[in-house]
Each structure stands twice: as structure tokens, then as C-alpha cells.
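Just below is one structure, and these are the notes that go with it.
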4 protein chains.
Amino acid sequence: MNFASDNTTGASPEIIDAIVAANDGQTMPYGNDDYTVRVADRIRDIFETDAEVFMVATGSAANALALSTMTASYGAVLCHWLSHIYEDECGAPEFFSGGAKLIPLEGEGAKINPEQLEKYAGRGVGDVHMVQPMAASVTQISEMGTVYSVDEVQAISEICKNRKLKLHMDGARFANGLVQLDCSPADITWKSGVDVMSFGASKNGALTSEAVIFFDKSMAREFEFRRKRGGHLFSKMRLLSCQMDAYLKDDLWLRNARHANAMGQRLKQGLINLPGVEFPTTNDANMLFPHLSQNLIDALHADGFQFYDDRWGDGIVRLVTAFNTPQSHVDAFIEAARKHTG
Amino acid sequence: MNFASDNTTGASPEIIDAIVAANDGQTMPYGNDDYTVRVADRIRDIFETDAEVFMVATGSAANALALSTMTASYGAVLCHWLSHIYEDECGAPEFFSGGAKLIPLEGEGAKINPEQLEKYAGRGVGDVHMVQPMAASVTQISEMGTVYSVDEVQAISEICKNRKLKLHMDGARFANGLVQLDCSPADITWKSGVDVMSFGASKNGALTSEAVIFFDKSMAREFEFRRKRGGHLFSKMRLLSCQMDAYLKDDLWLRNARHANAMGQRLKQGLINLPGVEFPTTNDANMLFPHLSQNLIDALHADGFQFYDDRWGDGIVRLVTAFNTPQSHVDAFIEAARKHTG
Amino acid sequence: MNFASDNTTGASPEIIDAIVAANDGQTMPYGNDDYTVRVADRIRDIFETDAEVFMVATGSAANALALSTMTASYGAVLCHWLSHIYEDECGAPEFFSGGAKLIPLEGEGAKINPEQLEKYAGRGVGDVHMVQPMAASVTQISEMGTVYSVDEVQAISEICKNRKLKLHMDGARFANGLVQLDCSPADITWKSGVDVMSFGASKNGALTSEAVIFFDKSMAREFEFRRKRGGHLFSKMRLLSCQMDAYLKDDLWLRNARHANAMGQRLKQGLINLPGVEFPTTNDANMLFPHLSQNLIDALHADGFQFYDDRWGDGIVRLVTAFNTPQSHVDAFIEAARKHTG
Amino acid sequence: MNFASDNTTGASPEIIDAIVAANDGQTMPYGNDDYTVRVADRIRDIFETDAEVFMVATGSAANALALSTMTASYGAVLCHWLSHIYEDECGAPEFFSGGAKLIPLEGEGAKINPEQLEKYAGRGVGDVHMVQPMAASVTQISEMGTVYSVDEVQAISEICKNRKLKLHMDGARFANGLVQLDCSPADITWKSGVDVMSFGASKNGALTSEAVIFFDKSMAREFEFRRKRGGHLFSKMRLLSCQMDAYLKDDLWLRNARHANAMGQRLKQGLINLPGVEFPTTNDANMLFPHLSQNLIDALHADGFQFYDDRWGDGIVRLVTAFNTPQSHVDAFIEAARKHTG
């Protein structure tokens, strides 16, 4: 039973069916196919705006390509020091941007503290010795499983607007955040000042499908060339587009996220009152970061439960539930934890 | 009826079946899954050597990442001026290598002329003002549809060895070349001096699956980091690996290539004696580059046949057959051409 | 006696005097000094336009930094295949531009043939698979010692304007060209459509001083950051600026160039009628590319004359005169050649 | 009276004399001259080892080029968060390395804390998602004016050796540190484990002259190509070499540093007991970072003293003395401060 990540799963049946269906027949390559046209329309419809949409296959590609259009090589991108773009992409944003600098900011629960943003957004502007702040990036939900509220995104985008920074949202788990909020996709993105989003499906039901959405279309001009140059233009693009299309159809993405979150919260409720278990961070979606005793960690691993425990400091573990995590797995985990702490 | 490219097709049924099967169950991400382990073994088996194997999704990624491990940023890669890496990847090799220079060479039928290679391989060596020749790249089959013989590859690799250049093979259509030759996969690659190959499946039955094969394992050390940094490490890697696995199982790849080539040659035989049709280049596989009169080009397009005619100079068109091109389409094309030239 | 290059000399006495004088006293660093302000004004005055001016120390830095503001990383720079930027800068333009492609064009005497330019300027525009033509670069005087006329530069800039390419002039030996032409500095640059020029002094009397002149000021916005990032912002900038200032004062630059050219033409007249000597290229300034017999080359080298003979093909040598080449050296060379061919 | 930086000065008379002398006569370009050969020998002599030596013109070029040979593009360079390479070079190390990541470490007085180094040196090693620690860089004297002792450098290099990191020393003000220590140049560099040093002269008596010294010669192979490609290979290299040669001759460098430090310490002693003046950092060389009241800062600026006060937090100012700072300027500053605080 695997709580290591939401990328250990396969795809939703609806998405596999879409791949099988899309495989029939001939289409023109490189995105000049009906699936790619249709998925862009569907995204514009869901986000209620005339965005520019590009399909890529991985979240790192989405983030790095998006950011490369938002900063010059001598620019700086402000992000949380725990963010995926800072920590987990082997320098992909630096590579695609020609060596821009990522400035690590502090903030509770891996969410950017606006005061920190304000401090660094204005630092060195116009000083030729220093990299120039050009963009900020927030992750929804964050790498510590927390959810940015509309107010929080707006507070950040206001600083960005004042300082002329572009705002990127890494939405690898966007659906998991959205279903926790009482707002529309538009509300928490472009209506709150997000310029460009990496919109992920791979962790929530697809195999490999991510969209880069330019809410500010004027910024999209370079994207196609950068994508090709990065080796990310697929000849058989329909493979990516048909997944996203099925993902968005009939609210599959929301249903998947709601299930993942429900399983996460069930797990949290089952663990929260056990002796020696603490939740230093508020996690309302599908990623939990409780503190467990080393004995408990060892015992659960010995039981065969898979999860990571070596990265967030003493005793903090990560437990992730997915769109298809069975309730029985969650209950088995809780039962085992109860037994070991009893 | 589409003769524009072999990337307008979907995948072979065996490969779609493999995707559906691989989707079941949980696996560890990022290539730590059984499919990825198995496909590497299969490739080592087929090529009869202990190679290092990495999966990527596109041919441009395979080429650019491979070349980036073969040249320094101040190096030069010698290639044909018609090669895909020089012409059709929007500068991906330059991007991934940090700005290495691709030197365009001449040669009949898009195959590198060894004398040209010899001339440029030794040019500027040790001269700090000039980029340093570090690698050469040949395409099998070439971008003009010609096939390198074992002798031809060996002639090129001998120059490379003498000049201390690494040799890359762009094998986007490797299978189409191999089935024309009376030799083993090993014979035309590492036994002939190829160090690294981009081994493509996407054009011959897969949806999106390419392997980078390092016959010289010592050169593979950096690859994993460069792949991740390029956004090309897939969390759900099994999607790529299972395709290649099915591609190589039970000789599917060879059967597909033989069909594509047979259709290509049937098309060639049907056209070659028509008035006004000439084959300036010898094409023995699945890509033909005949010269047609403008009237004939226009008439065929008007009939609804799709193919490119705007890139190779006056009257040269490209006709590509694929693993699943129906014989009836070939015959219809021949019949139409016969009628228009009759 | 050295005819190898015009960079084997020291500086003009006036320029050394200027360095000694500028050394006195304290100034604010990084170009915030009076010399740097004054030299920019002087250049604007000479070129009769409100240009943006930046000082750098080497010609390669001037060219590479200038070009990096004129092309995206996915762009192409069209230049002659014999140009310094293509051949002699170890890939500096590729490095500074993030991997843009330099496309080598043909043309007599190392001057770009407008038909070639037209052909490549429109090639692949808007096609995502191909690098996008964004700039062209001409060298005045060219690497084969020929001089672009006003008409020739205008013919090129017209193509650039139609195709939306920016035009760069590598003016490493601009003065040597200008004094051959019956026109003003403005006429052969911005009035003929040049957007940005590398304006060299180092080969014509300075030690190390080059200006990048943006005739189109809107393009200069990024330059300061790129210069610093390239390690080319000098803390004691006055060292560079005072040289250029003295270079331009009282027409020193023109006097120096006239002398160099006069010596070159004296050498040419002395050699042109000797048996076995031919001038395949018309050279009117200070660089000659005659064809000599191998016997004559060997004999002159044995006499101790220094010049290059190994780069331009069979029997072509390069003879360069400088701002301070003594007439006696020229006459000695002629005399020796006469003796050996007599 | 200027205490803003040691780069507001001209050059020592001996160095200007050397430039004037070197200007005479012809030499072969690009470092193939006697001055360049001699200065390398002199450096090897002073450092008592067979190092590889390259001349460049700026400290940023020295640092960025050196580091680019010490890390892959997917590597990380560990440095203090106040270091010049992290803060003040507009991303030059990122640019020259192809986008390597600089990891900011903590430490008193801008000196790296070994525990921090140990923590980050082993972080993510072999993990494909993370940049790979490959080098560390220390600044001697540090950006806060502190001096690394031999023991301190050794403690750092031991960690580097255990973790297989290369160690770089930014020696922009190396002489100012050396004369404070009771050791040889060799002791504080390669004998303490430094692999590569940027050895500056520009701030201590030269106009523009820096050497990159490879104590580990095996690492120097790429440098020449990277230098040329960066536009940092000077045709008239003797200009750079003759400055460094004069700098090192007859201990000029040590005499200059001793004067600068003596003036710094005189200034410190004059200020340290004034009311409202504090020295939070121990500064033993030529850069002081005292805390002054805002009234005092304003009053000194009003008197015409130049110094920076806007970068190190509330009330911290930077006072820098140079090789030629007159004692009378120091005394005038002290007198003014005494008057304003009396």
C-alpha cells in the first residue's frame, strides 16, 4: 500500500479509454489535430477567458518552459525555498531561462510570505550588479500540502503588479486545491492576478499530460519555439491532448481530486488523536506532513506501507493519497498506526 | 490518404494493448519500474552488448540530450546540412549543449561525404579561436531516405576515431534502414563504431517512445541529470517503456518496418516509369523523393493525396509510407499518377 | 617585420598619454566617470545621432554582446561563412545568445551576397521546427579586406527591413573602411540601415577599447545587464573610455587608418606586377590577400617576415599593415619579393 | 574624500610605468608574448608550485570562468549568501556555467560556516531531481572584510575533499588578507586545499588585471576555450600581463596591501571608542563595517565623505581604504566623526 506519491498510480479508466480511441485514424502531427484544438477550447471554457494553451508531457517541462518566457536570463524568479522549481527539478528553470536566478523565500507551510516577497521584489532593481526580479511563482497546492486562498494569491499578485513582476502558478495539483476552495477556476487564477499557469493532470488521473495556460496571451508568443527547442513538441500530440480532454470532461478532474482529498482527510482524522502524532502544518487536501515517532515510522514501514520520511527534518513524514486510493488502504494504515501506538 | 509523414499514424494495436496493460497497478515513479528495467535488458539483448539505455518521449529530446553529453559548449558537431538536428529541431542541440556549433557538411543523398568529414574533423583543433570538433552525427535512414551501409558507417567512424570525435547515430527510422541491410543491429551500430544512438519507435508503430542507447557506457554518467533538467524524466515512465517493450517484442519493429518499406518500394516501382517522374536519389526504404512535374503535383493534391512539396527545391516531393499504410492507398496513388501522366 | 596582424602593435602615443593622464585621481567606478560620459558624447557627435554607447574591451565581447540583444535563443543570425563571428570567436555569439544559430552565407570577397541573404532571411519564418531569422551581420572592412559601399550596405539593410531582421555591423576595422569611402560615418551606418555597430579601436591605435553603438536606442535596454553578466563591466572603466576618447580626438582614428591603408596600397602596388603574384580579391584598405607561389612564401618567411599563409587555401596569404607600419618595412618586403621572383 | 571602494583609485605609478614600457614594440597577440609568459612564471614562483595561470581583465570574469570549469550545468556551487558571486555579478557564474545553481550558506562575518557547508555538500548527491554539489567558493578577504585563517580554509577544504567538491577562492582582495596572516601564499591556498583561485590586482594597485590560477593543472584544460568564448581573450594581452608583473615585482602588492590595511586599522582605532559607533564584525584589513547612528551618517555625507550605507541593514556602513589612501583623509574622517559625536 503506497502513500509515497500520487504519481505511482496509472491513469483513470476514462483517460485510458480516450487514449485507445484517439489512436484510431490519421491526424496531422505536432498539434494540428482535433484533440489539441478541442482541449484548448475546453480549458478556455472552464477558465472563462481567452487564454493561450499549450500541451506538454511533464510538470518540469511546463514550469521551466513557462518561466523561460517570464524572465530574462539576467532576471530573478522569487519562489518558496521548498518549492518544486527550486528544489526538485535539477535546475530545469535555470536551464530553460539561460541561467536566471531562483531566489528562495520563507513562508509558513511552503506558502510565500508576502513580506518576504515585498522585500525581494524590490531588491536591486535597476542595479546592474544584481539580477533583476522579473517573476514570482506560487504552487497550488503547495509542496507542504497547504492551499492558497483567493485572498492570499491576491496579496501576492498585488505586490507583483506593483513591482512589475509576472506571476506564475505551479498547478501540478491545482484540482486538489480548487475543490477545497469555494471559488471558480478563474477566481483563483487570472482573476487573482496569475499570468501563467502550469496546469497538471498527470498526478490526478492522467498518465502524462500538462497544459501551460497563458492568461496573458501577449506573453505566449515565444512559447512554441521554446517548446520545440526543448524537445517537448510531440509529433503525436493527440496522445497528450486526448488525456487532458478526458480529464476535464464531465468533471472527472474534480471528482478525482475530491476523492484524493477525502482519503487524505480521512487519514488525517484517523491519525490526529493518536499519541505521538502531530500535524505541525495544516493540510486540507491530499498531502499530509505529520510528525511521527521513529518507532512508529519503522513499524509502519515494516508493515509494508510505503511513504517518504527522509526529507523534511526529524520525524516529519509525507503521506499522499491519490484519485484512486482505496478507502481500505487508508483504514488499514490508520489501524496499523493505532495498533503500534496503542 | 496521407503520404506526408510516418508520424500521422496512431500506434500499432500491440502497443496500445501494452499501454492499457501497463496502466494497471502501482509502480514506483521516474523509471524505477519493471517495464523500464525490462526494456533496457531487451535492448541490450537485441544489440548484443552491455549498453546503458534511457527512455525519452521525442526524437528531438533523444538527439539533443545525447549530443549534449558528447560535446562541450565550445565544441562542434559535424552533420549533414540536411540533417534533422541541423534543420528541423529549432536549435535543440545548440540549446542542450550550451551553444555548441553544428557544422553543415555536404554529401549525396543526405549522407555525409567522408572527405568532407575528414576536412572539418581536423579543422581548428587546438586553435583557441575556433570551436573544437567533438562529435559527428549520421542519420539512419537519412533525411533523404537513403540507407548507410556498414562500410559507409565504418568509413565515417574510422575518421572519427582518428580525430577523437564521438559518433552519434540519429536512428529515428533505424528499423527502416536495418531491414534493408543484411546485418545485425550490432553490426551497423557499435560494431561499426557508433558510440551513442537515438533509437526511435514513434515513427514505426509507437505513439511516443524513443531510447537513447550508450554503447560506450562511460559516456552515460551525465545523462540522467541532463534528462531531468530538460524536463524529460517522466514520473510515469512505464508509459514510455511499455511502448518500446512491445515494439521490440516478437519482432514487431521489424515487421512494421518491412511493411513500410515494402509499401514504399511498391510506390516507387509504380511511379518510376511514368513520364515526367524521376528519382534523383536512390531510396530503398519508406521515404521517396521523386521529381514530379508541377502539373502532376497539383493534380495529386487536388485528388486529396497529402504530401509535402515545398522544401527540397523545384519539383522534388516527399512521399512517406508507414507501418500501417494500406496497399490500397499506394495503389490508388499510383493509379492517380498514371492517369494524370497518361 | 610583422605583417601578421594589426593587433601585434602597441598603442598610439596619444592613447598611451591618455591612459597616463586618466590614471590620476579618483573617479566613481563602473562607468560613472567623466571619461565614459565624454566619449559617448563624442561618438554621438561624430555619428550625428543620439545613439546609446557602451564600452567594452574586446571585439569578441562587442560582437557577442551586441548580437545577444538582437536575437532570441531560438533565432538565427545570417552572416558570411568567412566572418569573424562565424569562424574566429570560438562560438561566442552562440554562447551569449543562449545558443542562437549562425547561418553561413556565400558572397564574393567575404561580403554577403544579397541574393543569399534574401533566400535565408525568409526561410522557415513562423515554422516552429526551424530557427527564426532575426539578425544579419556585415563586417566593415570584411575579413577578406574588402570594403562595403554605401549602396551595398543599403541593399542589405533593405532586405533586413523587409524581413524584419536587425542589422549589425562588425566594425573592428571600421576606420579602415570609412577612409576609403567618400561618405560620413553616419552615411555608412545608421543612414544605411545599420541598427547596432561594434566600433573597434584596438586594431587601429588603441590597446583595448571597443564601443557598442546602438543607433536604435530602444534595443539597448538589456545591454548593461548582459555586459555585467558577461564579466565585461570594468570597475575602472575610464581605462577603456580614455583610449576611445583619445582615439577619436583630433581625427587620430582617421589619420591612423589612412596611414595603415596607404601602407597596404603601397605594398599592393609593389607586389601586383611581380611574376607569380596575383590578387584574386580586390583589397583597397590595409589587408591584402594575394596568391603567392610556395617558393616565394617560404623565401619571405626565411627572410624573417611574419605573415599567415595557412588558412585561405592554396597559396593565399594575408598581409596586414597597421597604423604604425613603417614605410621602410613595406619597402623591404617588396624588395625581398622582387628579389625572390626576379 | 572617498571611502566608497578600493576601485575608485587609479593604478600605482609602477604599474602605469609598466604599461607605458610594454606598449613599445610588436609582440605576437593573444598571450603569445613575453610579458604573459613571465607573469605566469612569477606567480608559480610566489606560490611555490607548478600552477596553470591565465590572465583576465575583471574579477567577475575570473570568478565566472573559473567556476565554469569546476561545475557541470546541473551542479551546485556552495557559497556565502553575502558573497560577490552570489550577490554582485548579475548572475555571471550562472551564465558561464550554463545555469548551475549557487546555494547560499550562512556564516559569521560573511565566512562560510563549516557545518552549513557539511549539510549542503552532501545534500541530494546522486538524486536526479536535485542539482549536484560540485564546488564551494570562499572569498579572501570576505565581503564583510573578515580574513579566513589557514585553519578555517583547511576545515572547509577537508569537507570539500570528503564530499568531492572542488574549492575555489575569490581572491579579489587576496593581498589584504595575506598580509594579516603569518603564512605564505602557498599556505593559505593550495597547501590548504584550494584548487583554483581568482587572484585580483585591480583593487590593490592595478587598473585591470586578474589572474586565474589553477593549482590543480588537470582542471585547466577547458579554460582557454571558455575564456575566448566569453570574449575575454585579449589580443593585446600584454596590457593585462604587464600590470600583474609590475604588481608582483619587488613586493609592490604586499606593500600596497599593508598600506591599505594600516589605513583601515587607523580608521578603526579612531572610530571604535566614539559614542554610538560599534563594530559588530571583526575587520582586520582594509574594509570596515561599523554601525553608525543615522545622524552621524548624514553629517559625514554632508561633509563630503563618500561611502555606502544602504546595503547592510540599519546603520551599517562600509568604509574602504585603498593602497593610496592618504593618512590625512583618514584623520580628517576621524576628526569629523569625533566632532559630530562630541
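If you're wondering about the labels, chains in the C-alpha cells are A, B, ... by order shown, residues count from 1 in each chain, ligands from 1 in order shown.
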Could you pull out the strand (DSSP E or B) residues of range 180-240 of chain B from DSSP and send them as a ChimeraX atom specification?
/B:196-200,210-214
With 8 Å as the limit and counting only C-alpha atoms, what residues in chain D lie close to chain B? Please list them as a list in words.
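Contact residues on the first chain: Tyr74, Gly98, Val128, His129, Glu224, Phe225, Arg226, Lys228 and Arg229 of chain D.
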Grab the residues selected above and save them as a PDB file, in the first residue's frame with N, CA, C and O atoms.
```pdb
ATOM      1  N   TYR D  74      24.414  21.109 -14.331  1.00  0.00           N
ATOM      2  CA  TYR D  74      23.459  20.577 -13.348  1.00  0.00           C
ATOM      3  C   TYR D  74      24.081  20.512 -11.956  1.00  0.00           C
ATOM      4  O   TYR D  74      23.555  19.837 -11.078  1.00  0.00           O
ATOM      5  N   GLY D  98      26.339  27.644 -17.595  1.00  0.00           N
ATOM      6  CA  GLY D  98      25.166  27.064 -18.251  1.00  0.00           C
ATOM      7  C   GLY D  98      24.005  26.856 -17.309  1.00  0.00           C
ATOM      8  O   GLY D  98      23.155  25.998 -17.551  1.00  0.00           O
ATOM      9  N   VAL D 128      18.569  12.385  -8.810  1.00  0.00           N
ATOM     10  CA  VAL D 128      18.459  13.003 -10.130  1.00  0.00           C
ATOM     11  C   VAL D 128      17.565  14.244 -10.128  1.00  0.00           C
ATOM     12  O   VAL D 128      17.629  15.077 -11.043  1.00  0.00           O
ATOM     13  N   HIS D 129      16.757  14.382  -9.082  1.00  0.00           N
ATOM     14  CA  HIS D 129      15.866  15.540  -9.023  1.00  0.00           C
ATOM     15  C   HIS D 129      16.569  16.804  -8.537  1.00  0.00           C
ATOM     16  O   HIS D 129      16.013  17.893  -8.620  1.00  0.00           O
ATOM     17  N   GLU D 224      41.047  27.917 -21.655  1.00  0.00           N
ATOM     18  CA  GLU D 224      41.360  28.789 -22.792  1.00  0.00           C
ATOM     19  C   GLU D 224      40.186  28.939 -23.750  1.00  0.00           C
ATOM     20  O   GLU D 224      39.941  30.023 -24.280  1.00  0.00           O
ATOM     21  N   PHE D 225      39.476  27.838 -23.979  1.00  0.00           N
ATOM     22  CA  PHE D 225      38.334  27.915 -24.887  1.00  0.00           C
ATOM     23  C   PHE D 225      37.201  28.725 -24.255  1.00  0.00           C
ATOM     24  O   PHE D 225      36.572  29.542 -24.915  1.00  0.00           O
ATOM     25  N   ARG D 226      36.975  28.496 -22.983  1.00  0.00           N
ATOM     26  CA  ARG D 226      35.911  29.242 -22.313  1.00  0.00           C
ATOM     27  C   ARG D 226      36.235  30.738 -22.239  1.00  0.00           C
ATOM     28  O   ARG D 226      35.350  31.585 -22.355  1.00  0.00           O
ATOM     29  N   LYS D 228      38.075  32.510 -24.413  1.00  0.00           N
ATOM     30  CA  LYS D 228      37.871  33.088 -25.739  1.00  0.00           C
ATOM     31  C   LYS D 228      36.384  33.239 -26.028  1.00  0.00           C
ATOM     32  O   LYS D 228      35.923  34.294 -26.479  1.00  0.00           O
ATOM     33  N   ARG D 229      35.645  32.171 -25.762  1.00  0.00           N
ATOM     34  CA  ARG D 229      34.203  32.131 -25.993  1.00  0.00           C
ATOM     35  C   ARG D 229      33.461  33.185 -25.168  1.00  0.00           C
ATOM     36  O   ARG D 229      32.381  33.649 -25.536  1.00  0.00           O
TER      37      ARG D 229
END
```
Taking only residues of range 205-311 of chain B that have an atom at most 12 Å from an atom of range 324-333 of chain B, what is each one's shortest atom pair and its distance in Å to one decimal, using only C-alpha atoms, in chain and number order, as JSON lines?
```
{"residue": "B:Gly205", "atom": "CA", "partner": "B:Asn324", "partner_atom": "CA", "distance": 8.2}
{"residue": "B:Ala206", "atom": "CA", "partner": "B:Asn324", "partner_atom": "CA", "distance": 11.6}
{"residue": "B:Arg255", "atom": "CA", "partner": "B:Asn324", "partner_atom": "CA", "distance": 10.5}
{"residue": "B:Asn256", "atom": "CA", "partner": "B:Asn324", "partner_atom": "CA", "distance": 7.5}
{"residue": "B:Ala257", "atom": "CA", "partner": "B:Asn324", "partner_atom": "CA", "distance": 9.6}
{"residue": "B:Arg258", "atom": "CA", "partner": "B:Asn324", "partner_atom": "CA", "distance": 10.6}
{"residue": "B:His259", "atom": "CA", "partner": "B:Asn324", "partner_atom": "CA", "distance": 7.4}
{"residue": "B:Ala260", "atom": "CA", "partner": "B:Thr325", "partner_atom": "CA", "distance": 6.9}
{"residue": "B:Asn261", "atom": "CA", "partner": "B:Thr325", "partner_atom": "CA", "distance": 10.1}
{"residue": "B:Ala262", "atom": "CA", "partner": "B:Gln327", "partner_atom": "CA", "distance": 9.3}
{"residue": "B:Met263", "atom": "CA", "partner": "B:Gln327", "partner_atom": "CA", "distance": 6.6}
{"residue": "B:Gly264", "atom": "CA", "partner": "B:Val330", "partner_atom": "CA", "distance": 8.2}
{"residue": "B:Gln265", "atom": "CA", "partner": "B:Val330", "partner_atom": "CA", "distance": 9.9}
{"residue": "B:Arg266", "atom": "CA", "partner": "B:Val330", "partner_atom": "CA", "distance": 7.4}
{"residue": "B:Leu267", "atom": "CA", "partner": "B:Val330", "partner_atom": "CA", "distance": 5.9}
{"residue": "B:Lys268", "atom": "CA", "partner": "B:Val330", "partner_atom": "CA", "distance": 9.6}
{"residue": "B:Gln269", "atom": "CA", "partner": "B:Val330", "partner_atom": "CA", "distance": 10.7}
{"residue": "B:Gly270", "atom": "CA", "partner": "B:Asp331", "partner_atom": "CA", "distance": 8.0}
{"residue": "B:Leu271", "atom": "CA", "partner": "B:Phe333", "partner_atom": "CA", "distance": 9.1}
{"residue": "B:Asn286", "atom": "CA", "partner": "B:Thr325", "partner_atom": "CA", "distance": 10.4}
{"residue": "B:Leu296", "atom": "CA", "partner": "B:Phe333", "partner_atom": "CA", "distance": 11.5}
{"residue": "B:Ile297", "atom": "CA", "partner": "B:Phe333", "partner_atom": "CA", "distance": 11.6}
{"residue": "B:Ala299", "atom": "CA", "partner": "B:Phe333", "partner_atom": "CA", "distance": 11.1}
{"residue": "B:Leu300", "atom": "CA", "partner": "B:Phe333", "partner_atom": "CA", "distance": 7.9}
{"residue": "B:His301", "atom": "CA", "partner": "B:Phe333", "partner_atom": "CA", "distance": 10.6}
{"residue": "B:Asp303", "atom": "CA", "partner": "B:Phe333", "partner_atom": "CA", "distance": 9.2}
{"residue": "B:Gly304", "atom": "CA", "partner": "B:Phe333", "partner_atom": "CA", "distance": 10.0}
{"residue": "B:Phe305", "atom": "CA", "partner": "B:Phe333", "partner_atom": "CA", "distance": 7.5}
{"residue": "B:Gln306", "atom": "CA", "partner": "B:Phe333", "partner_atom": "CA", "distance": 10.3}
{"residue": "B:Phe307", "atom": "CA", "partner": "B:Phe333", "partner_atom": "CA", "distance": 11.2}
```
Using C-alpha atoms, can you export the residues from the last selection as an mmCIF file, in the first residue's frame?
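The resulting file, out-v1.cif, is shown below:
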```cif
data_model
loop_
_atom_site.group_PDB
_atom_site.id
_atom_site.type_symbol
_atom_site.label_atom_id
_atom_site.label_comp_id
_atom_site.auth_asym_id
_atom_site.auth_seq_id
_atom_site.Cartn_x
_atom_site.Cartn_y
_atom_site.Cartn_z
ATOM 1 C CA GLY B 205 4.411 1.852 -34.542
ATOM 2 C CA ALA B 206 4.690 3.554 -31.156
ATOM 3 C CA ARG B 255 7.625 -6.413 -39.243
ATOM 4 C CA ASN B 256 6.416 -2.824 -39.154
ATOM 5 C CA ALA B 257 9.494 -1.560 -40.933
ATOM 6 C CA ARG B 258 9.323 -4.268 -43.573
ATOM 7 C CA HIS B 259 5.752 -3.325 -44.356
ATOM 8 C CA ALA B 260 6.540 0.384 -44.543
ATOM 9 C CA ASN B 261 9.478 -0.283 -46.826
ATOM 10 C CA ALA B 262 7.510 -2.708 -48.997
ATOM 11 C CA MET B 263 4.832 -0.073 -49.458
ATOM 12 C CA GLY B 264 7.492 2.494 -50.260
ATOM 13 C CA GLN B 265 9.094 0.297 -52.852
ATOM 14 C CA ARG B 266 5.761 -0.659 -54.374
ATOM 15 C CA LEU B 267 5.035 3.044 -54.708
ATOM 16 C CA LYS B 268 8.438 3.637 -56.264
ATOM 17 C CA GLN B 269 8.021 0.840 -58.787
ATOM 18 C CA GLY B 270 4.618 2.141 -59.693
ATOM 19 C CA LEU B 271 5.895 5.652 -60.329
ATOM 20 C CA ASN B 286 9.976 4.087 -46.844
ATOM 21 C CA LEU B 296 1.215 16.273 -61.551
ATOM 22 C CA ILE B 297 1.810 17.653 -58.052
ATOM 23 C CA ALA B 299 -3.391 17.127 -59.729
ATOM 24 C CA LEU B 300 -2.485 14.704 -56.946
ATOM 25 C CA HIS B 301 -3.102 17.317 -54.303
ATOM 26 C CA ASP B 303 -7.248 14.348 -55.677
ATOM 27 C CA GLY B 304 -6.772 14.689 -51.927
ATOM 28 C CA PHE B 305 -3.404 12.981 -51.530
ATOM 29 C CA GLN B 306 -1.393 14.637 -48.782
ATOM 30 C CA PHE B 307 2.374 15.072 -49.159
#
```
What separation in Å, quoted to one decimal, exists between CA of Ser5 in chain B and CA of Leu67 in chain B?
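CA of Leu67 in chain B lies at a distance of 24.8 Å from CA of Ser5 in chain B.
If you look at CA of Gln243 in chain B and CA of Gly200 in chain B, they are 11.2 Å away from each other.
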At a cut-off of 9 Å, using only C-alpha atoms, what residues contact range 153-170 of chain C? Leave out same-chain residues fewer than 2 positions from it and give the result as a PyMOL selection string.
chain C and resi 59+62-63+66-67+70-71+77+84-85+112-114+117-118+121-122+133-142+148-151+172-174+188-189+191-200
